[in-house]
Amino acid sequence: MTFKSLDELRKACLDLPAGNDAAADAVARRQDTLTKPRGSLGKLEQIAAWLGRWQGREMPRLDKVKVIVFAGNHGVTAQGVSAYPSEVTVQMVANFAGGGAAINQLARLAGAELAVIPLELDRPTGDFTQTAAMDEADFLAAVSIGYDAVTPDLDLVCFGEMGIGNTTPAAAIAAGLFGGNGRQWAGRGTGVDDQGLSRKFAAIDAGLARHAATLADPLAVAANLGGRELAAILGATLAARHHNVPVLLDGFVVTAAAAPLAKLHPEGLAHTLSAHVSAEAGHRQLLEALQLAPLLDMGMRLGEGSGACLAVNLVRSALECHARMASFAEAGVTDK
């Protein structure tokens with residue numbers, strides 16, 4: 001899919017298939033026959049029904065799970081908003097390829113395929129305090145790359161990101177979509193000191209002021225204040241919906257990247273679950289704004305899709321109980 005205009009992308013964001021309620025109801029009915037008090041597996045039962053709804057299967061499966069990490073660089077790092085230089089993005093992409101990152105270990109343990117997609121790392125986005133992060137063509141190109149990364153054969157997909165400085169555009173997008181300022185949404189990211197955090201607040205506020213006239217349009221917010229990897233995540237989340245692939249959202253950056261879809265469509269993120277709430281300052285309030293309840297709270301703030309990948313094991317647990325537990329009749333156990 002190559003989106004040729006913002007209007008074409010907007011139309012795609014508004015034309016979203018609904019979940020399969022019949023499949024979800026069938027999952028719930030089976031849960032009520034299993035050898036346990038009804039509802040006693042709590043969120044595990046809800047996860048199984050969510051899988052059924054978005055896969056459209058009465059017996060969901062997790063044969064093909066994928067983690068897709070998008071990487072990009074950001075012009076706003078010129079404002080001193082990160083504790084690390086931009087070249088670390090390239091170095092970490094090489095680390096992913098060599099199998100040395102946390103996400104490599106978590107993906108392997110979760111039985112998930114890992115793909116890493118760098119987006120023009122030698123050409124950072126514009127500094128959004130001075131200009132748009134991306135013009136329309138750049139934004140649409142990144143969205144299209146993300147869209148094409150998700151294939152209909154997937155049973156579950158997780159998105160991750162790598163991009164030095166990208167908690168700044170994530171906080172700017174959150175503020176642009178839901179109101180507030182840099183101080184409300186930004187945290188220390190990679191570990192900036194107090195002076196770096198103040199620069200981060202100032203950069204976000206400057207970006208919001210410069211692009212104030214476009215804040216009513218969620219796609220313009222994503223283009224003007226975001227980054228290529230965030231735009232790709234937006235496209236990938238949209239593709240997953242069109243392909244009926246359920247999504248585990250990772251931390252603050254991934255959630256902010258997907259948030260424009262929720263602003264464009266009231267059920268835009270219904271096919272997603274929040275894998276975890278990160279330690280990054282704005283994530284919890286962003287989840288509250290999106291009415292997403294996180295599955296895990298581990299104090300993580302790494303990115304890379306690490307929290308989402310960790311939650312894959314929880315989803316697998318939900319499915320194993322659903323698929324392999326005996327019913328009362330099968331086990332010869334009396335059902336009240």
# chains A, B, ... in the order shown; residues from 1 in each chain; ligands from 1
>>> select_by_dssp(residues="region 58-224 of chain A", states="strand (DSSP E)", output="list in words")
Val65, Lys66, Val67, Ile68, Val69, Phe70, Ala71, Glu113, Leu114, Ala115, Val116, Ile117, Pro118, Leu156, Val157, Cys158, Phe159, Gly160, Glu161 and Met162 of chain A
>>> residues_around(residues="Asn104 (chain A)", least_positions_apart="4", cutoff="12 Å", atoms="only C-alpha atoms", output="PyMOL selection string")
chain A and resi 66-69+92-100+108-116+160+304-306+309-310
>>> residues_around(residues="Leu273 (chain A)", least_positions_apart="3", cutoff="7 Å", atoms="only C-alpha atoms", output="list of chain:residue names")
A:Val247, A:Leu248, A:Leu249
>>> residues_around(residues="Ala23 (chain A)", least_positions_apart="5", cutoff="8 Å", atoms="only C-alpha atoms", output="PyMOL selection string")
chain A and resi 49+52-53+56-58
>>> write_last_selection(atoms="C-alpha atoms", output="PDB file, in the first residue's frame")
ATOM      1  CA  ALA A  49     -11.874 -13.547  23.763  1.00  0.00           C
ATOM      2  CA  GLY A  52     -10.931 -14.633  18.979  1.00  0.00           C
ATOM      3  CA  ARG A  53     -12.661 -11.367  18.121  1.00  0.00           C
ATOM      4  CA  GLY A  56     -12.230 -14.122  13.723  1.00  0.00           C
ATOM      5  CA  ARG A  57     -11.679 -17.620  15.125  1.00  0.00           C
ATOM      6  CA  GLU A  58     -13.617 -19.538  17.750  1.00  0.00           C
TER       7      GLU A  58
END
>>> closest_atom_pairs(of="region 186-265 of chain A", to="region 130-149 of chain A", cutoff="6 Å", atoms="only C-alpha atoms", output="tab-separated table")
residue	atom	partner	partner_atom	distance
A:Ala223	CA	A:Met134	CA	5.4
A:Asn224	CA	A:Ala132	CA	4.3
A:Leu225	CA	A:Ala133	CA	5.6
A:Arg228	CA	A:Ala142	CA	5.5
A:Ala231	CA	A:Val143	CA	5.0
A:Ala232	CA	A:Gly146	CA	3.9
A:Ile233	CA	A:Gly146	CA	5.8
A:Gly235	CA	A:Val143	CA	4.4
A:Ala236	CA	A:Tyr147	CA	4.3
A:Ala239	CA	A:Tyr147	CA	5.0
>>> write_last_selection(atoms="N, CA and C atoms", output="mmCIF file, in the first residue's frame")
data_model
loop_
_atom_site.group_PDB
_atom_site.id
_atom_site.type_symbol
_atom_site.label_atom_id
_atom_site.label_comp_id
_atom_site.auth_asym_id
_atom_site.auth_seq_id
_atom_site.Cartn_x
_atom_site.Cartn_y
_atom_site.Cartn_z
ATOM 1 N N ALA A 223 2.644 14.150 11.564
ATOM 2 C CA ALA A 223 3.646 14.543 10.569
ATOM 3 C C ALA A 223 4.535 15.661 11.077
ATOM 4 N N ASN A 224 3.941 16.661 11.687
ATOM 5 C CA ASN A 224 4.691 17.854 12.090
ATOM 6 C C ASN A 224 5.536 17.640 13.333
ATOM 7 N N LEU A 225 5.081 16.784 14.244
ATOM 8 C CA LEU A 225 5.740 16.634 15.537
ATOM 9 C C LEU A 225 6.363 15.260 15.757
ATOM 10 N N ARG A 228 9.860 9.336 11.647
ATOM 11 C CA ARG A 228 9.579 8.298 10.654
ATOM 12 C C ARG A 228 9.185 6.974 11.291
ATOM 13 N N ALA A 231 5.651 7.281 12.493
ATOM 14 C CA ALA A 231 4.722 7.236 11.363
ATOM 15 C C ALA A 231 4.565 5.809 10.853
ATOM 16 N N ALA A 232 5.675 5.054 10.816
ATOM 17 C CA ALA A 232 5.610 3.665 10.369
ATOM 18 C C ALA A 232 4.763 2.831 11.320
ATOM 19 N N ILE A 233 4.867 3.085 12.614
ATOM 20 C CA ILE A 233 4.052 2.367 13.594
ATOM 21 C C ILE A 233 2.579 2.678 13.386
ATOM 22 N N GLY A 235 1.191 3.431 10.504
ATOM 23 C CA GLY A 235 0.805 2.663 9.333
ATOM 24 C C GLY A 235 0.667 1.182 9.624
ATOM 25 N N ALA A 236 1.561 0.645 10.438
ATOM 26 C CA ALA A 236 1.516 -0.772 10.774
ATOM 27 C C ALA A 236 0.282 -1.102 11.618
ATOM 28 N N ALA A 239 -2.607 -1.182 9.242
ATOM 29 C CA ALA A 239 -2.595 -2.402 8.438
ATOM 30 C C ALA A 239 -3.086 -3.596 9.246
#
>>> select_by_dssp(residues="region 32-62 of chain A", states="alpha helix (DSSP H)", output="PyMOL selection string")
chain A and resi 43-55
>>> write_last_selection(atoms="all heavy atoms", output="mmCIF file, in the first residue's frame")
data_model
loop_
_atom_site.group_PDB
_atom_site.id
_atom_site.type_symbol
_atom_site.label_atom_id
_atom_site.label_comp_id
_atom_site.auth_asym_id
_atom_site.auth_seq_id
_atom_site.Cartn_x
_atom_site.Cartn_y
_atom_site.Cartn_z
ATOM 1 N N LYS A 43 -8.339 -11.713 33.577
ATOM 2 C CA LYS A 43 -7.919 -11.120 32.317
ATOM 3 C C LYS A 43 -7.468 -12.160 31.294
ATOM 4 O O LYS A 43 -7.510 -11.895 30.098
ATOM 5 C CB LYS A 43 -6.804 -10.099 32.552
ATOM 6 C CG LYS A 43 -7.282 -8.799 33.169
ATOM 7 C CD LYS A 43 -6.171 -7.759 33.224
ATOM 8 C CE LYS A 43 -6.689 -6.448 33.781
ATOM 9 N NZ LYS A 43 -5.611 -5.409 33.835
ATOM 10 N N LEU A 44 -7.038 -13.327 31.752
ATOM 11 C CA LEU A 44 -6.659 -14.357 30.789
ATOM 12 C C LEU A 44 -7.863 -14.750 29.926
ATOM 13 O O LEU A 44 -7.728 -15.004 28.723
ATOM 14 C CB LEU A 44 -6.105 -15.584 31.501
ATOM 15 C CG LEU A 44 -4.746 -15.433 32.191
ATOM 16 C CD1 LEU A 44 -4.308 -16.767 32.773
ATOM 17 C CD2 LEU A 44 -3.688 -14.890 31.245
ATOM 18 N N GLU A 45 -9.039 -14.797 30.522
ATOM 19 C CA GLU A 45 -10.242 -15.100 29.750
ATOM 20 C C GLU A 45 -10.555 -13.973 28.777
ATOM 21 O O GLU A 45 -10.952 -14.218 27.622
ATOM 22 C CB GLU A 45 -11.414 -15.340 30.703
ATOM 23 C CG GLU A 45 -11.195 -16.521 31.636
ATOM 24 C CD GLU A 45 -12.394 -16.827 32.504
ATOM 25 O OE1 GLU A 45 -13.535 -16.472 32.109
ATOM 26 O OE2 GLU A 45 -12.218 -17.427 33.588
ATOM 27 N N GLN A 46 -10.365 -12.741 29.216
ATOM 28 C CA GLN A 46 -10.621 -11.597 28.344
ATOM 29 C C GLN A 46 -9.647 -11.561 27.166
ATOM 30 O O GLN A 46 -10.017 -11.228 26.044
ATOM 31 C CB GLN A 46 -10.529 -10.300 29.153
ATOM 32 C CG GLN A 46 -11.556 -10.179 30.257
ATOM 33 C CD GLN A 46 -11.247 -9.051 31.218
ATOM 34 O OE1 GLN A 46 -10.528 -8.108 30.905
ATOM 35 N NE2 GLN A 46 -11.795 -9.133 32.422
ATOM 36 N N ILE A 47 -8.399 -11.927 27.438
ATOM 37 C CA ILE A 47 -7.401 -11.950 26.370
ATOM 38 C C ILE A 47 -7.771 -13.000 25.325
ATOM 39 O O ILE A 47 -7.657 -12.760 24.114
ATOM 40 C CB ILE A 47 -6.000 -12.227 26.955
ATOM 41 C CG1 ILE A 47 -5.521 -11.026 27.775
ATOM 42 C CG2 ILE A 47 -4.999 -12.535 25.839
ATOM 43 C CD1 ILE A 47 -4.277 -11.304 28.603
ATOM 44 N N ALA A 48 -8.221 -14.153 25.763
ATOM 45 C CA ALA A 48 -8.617 -15.200 24.826
ATOM 46 C C ALA A 48 -9.769 -14.729 23.944
ATOM 47 O O ALA A 48 -9.770 -14.954 22.718
ATOM 48 C CB ALA A 48 -8.999 -16.470 25.581
ATOM 49 N N ALA A 49 -10.743 -14.054 24.544
ATOM 50 C CA ALA A 49 -11.874 -13.547 23.763
ATOM 51 C C ALA A 49 -11.430 -12.450 22.802
ATOM 52 O O ALA A 49 -11.929 -12.363 21.664
ATOM 53 C CB ALA A 49 -12.960 -13.030 24.703
ATOM 54 N N TRP A 50 -10.489 -11.604 23.237
ATOM 55 C CA TRP A 50 -9.943 -10.562 22.364
ATOM 56 C C TRP A 50 -9.248 -11.180 21.160
ATOM 57 O O TRP A 50 -9.452 -10.739 20.017
ATOM 58 C CB TRP A 50 -8.986 -9.699 23.181
ATOM 59 C CG TRP A 50 -8.143 -8.740 22.418
ATOM 60 C CD1 TRP A 50 -8.537 -7.537 21.882
ATOM 61 C CD2 TRP A 50 -6.744 -8.877 22.119
ATOM 62 N NE1 TRP A 50 -7.458 -6.921 21.264
ATOM 63 C CE2 TRP A 50 -6.357 -7.717 21.404
ATOM 64 C CE3 TRP A 50 -5.785 -9.844 22.402
ATOM 65 C CZ2 TRP A 50 -5.043 -7.519 20.960
ATOM 66 C CZ3 TRP A 50 -4.481 -9.659 21.966
ATOM 67 C CH2 TRP A 50 -4.136 -8.508 21.246
ATOM 68 N N LEU A 51 -8.463 -12.203 21.375
ATOM 69 C CA LEU A 51 -7.821 -12.899 20.257
ATOM 70 C C LEU A 51 -8.869 -13.443 19.294
ATOM 71 O O LEU A 51 -8.750 -13.297 18.064
ATOM 72 C CB LEU A 51 -6.966 -14.056 20.762
ATOM 73 C CG LEU A 51 -5.554 -13.774 21.255
ATOM 74 C CD1 LEU A 51 -4.918 -15.077 21.735
ATOM 75 C CD2 LEU A 51 -4.691 -13.129 20.185
ATOM 76 N N GLY A 52 -9.893 -14.076 19.831
ATOM 77 C CA GLY A 52 -10.931 -14.633 18.979
ATOM 78 C C GLY A 52 -11.644 -13.568 18.167
ATOM 79 O O GLY A 52 -11.897 -13.760 16.969
ATOM 80 N N ARG A 53 -11.953 -12.447 18.817
ATOM 81 C CA ARG A 53 -12.661 -11.367 18.121
ATOM 82 C C ARG A 53 -11.858 -10.858 16.937
ATOM 83 O O ARG A 53 -12.396 -10.675 15.842
ATOM 84 C CB ARG A 53 -12.956 -10.227 19.093
ATOM 85 C CG ARG A 53 -13.489 -8.961 18.398
ATOM 86 C CD ARG A 53 -13.940 -7.897 19.372
ATOM 87 N NE ARG A 53 -15.247 -8.244 19.930
ATOM 88 C CZ ARG A 53 -15.466 -8.603 21.175
ATOM 89 N NH1 ARG A 53 -14.443 -8.681 22.035
ATOM 90 N NH2 ARG A 53 -16.682 -8.914 21.590
ATOM 91 N N TRP A 54 -10.563 -10.619 17.121
ATOM 92 C CA TRP A 54 -9.800 -9.960 16.064
ATOM 93 C C TRP A 54 -9.183 -10.935 15.072
ATOM 94 O O TRP A 54 -8.932 -10.580 13.929
ATOM 95 C CB TRP A 54 -8.778 -9.001 16.677
ATOM 96 C CG TRP A 54 -9.522 -7.904 17.356
ATOM 97 C CD1 TRP A 54 -9.712 -7.728 18.696
ATOM 98 C CD2 TRP A 54 -10.284 -6.876 16.713
ATOM 99 N NE1 TRP A 54 -10.534 -6.654 18.921
ATOM 100 C CE2 TRP A 54 -10.898 -6.107 17.734
ATOM 101 C CE3 TRP A 54 -10.506 -6.525 15.383
ATOM 102 C CZ2 TRP A 54 -11.719 -5.016 17.454
ATOM 103 C CZ3 TRP A 54 -11.319 -5.435 15.102
ATOM 104 C CH2 TRP A 54 -11.909 -4.699 16.134
ATOM 105 N N GLN A 55 -9.013 -12.184 15.465
ATOM 106 C CA GLN A 55 -8.619 -13.198 14.483
ATOM 107 C C GLN A 55 -9.828 -13.748 13.742
ATOM 108 O O GLN A 55 -9.677 -14.355 12.676
ATOM 109 C CB GLN A 55 -7.869 -14.344 15.168
ATOM 110 C CG GLN A 55 -6.494 -13.979 15.687
ATOM 111 C CD GLN A 55 -5.767 -15.193 16.268
ATOM 112 O OE1 GLN A 55 -6.267 -16.311 16.253
ATOM 113 N NE2 GLN A 55 -4.576 -14.945 16.783
#
>>> closest_residue(among="A:Thr89, A:Asp194, A:His322, A:Ala216", to="Arg29 (chain A)", atoms="only C-alpha atoms")
A:His322
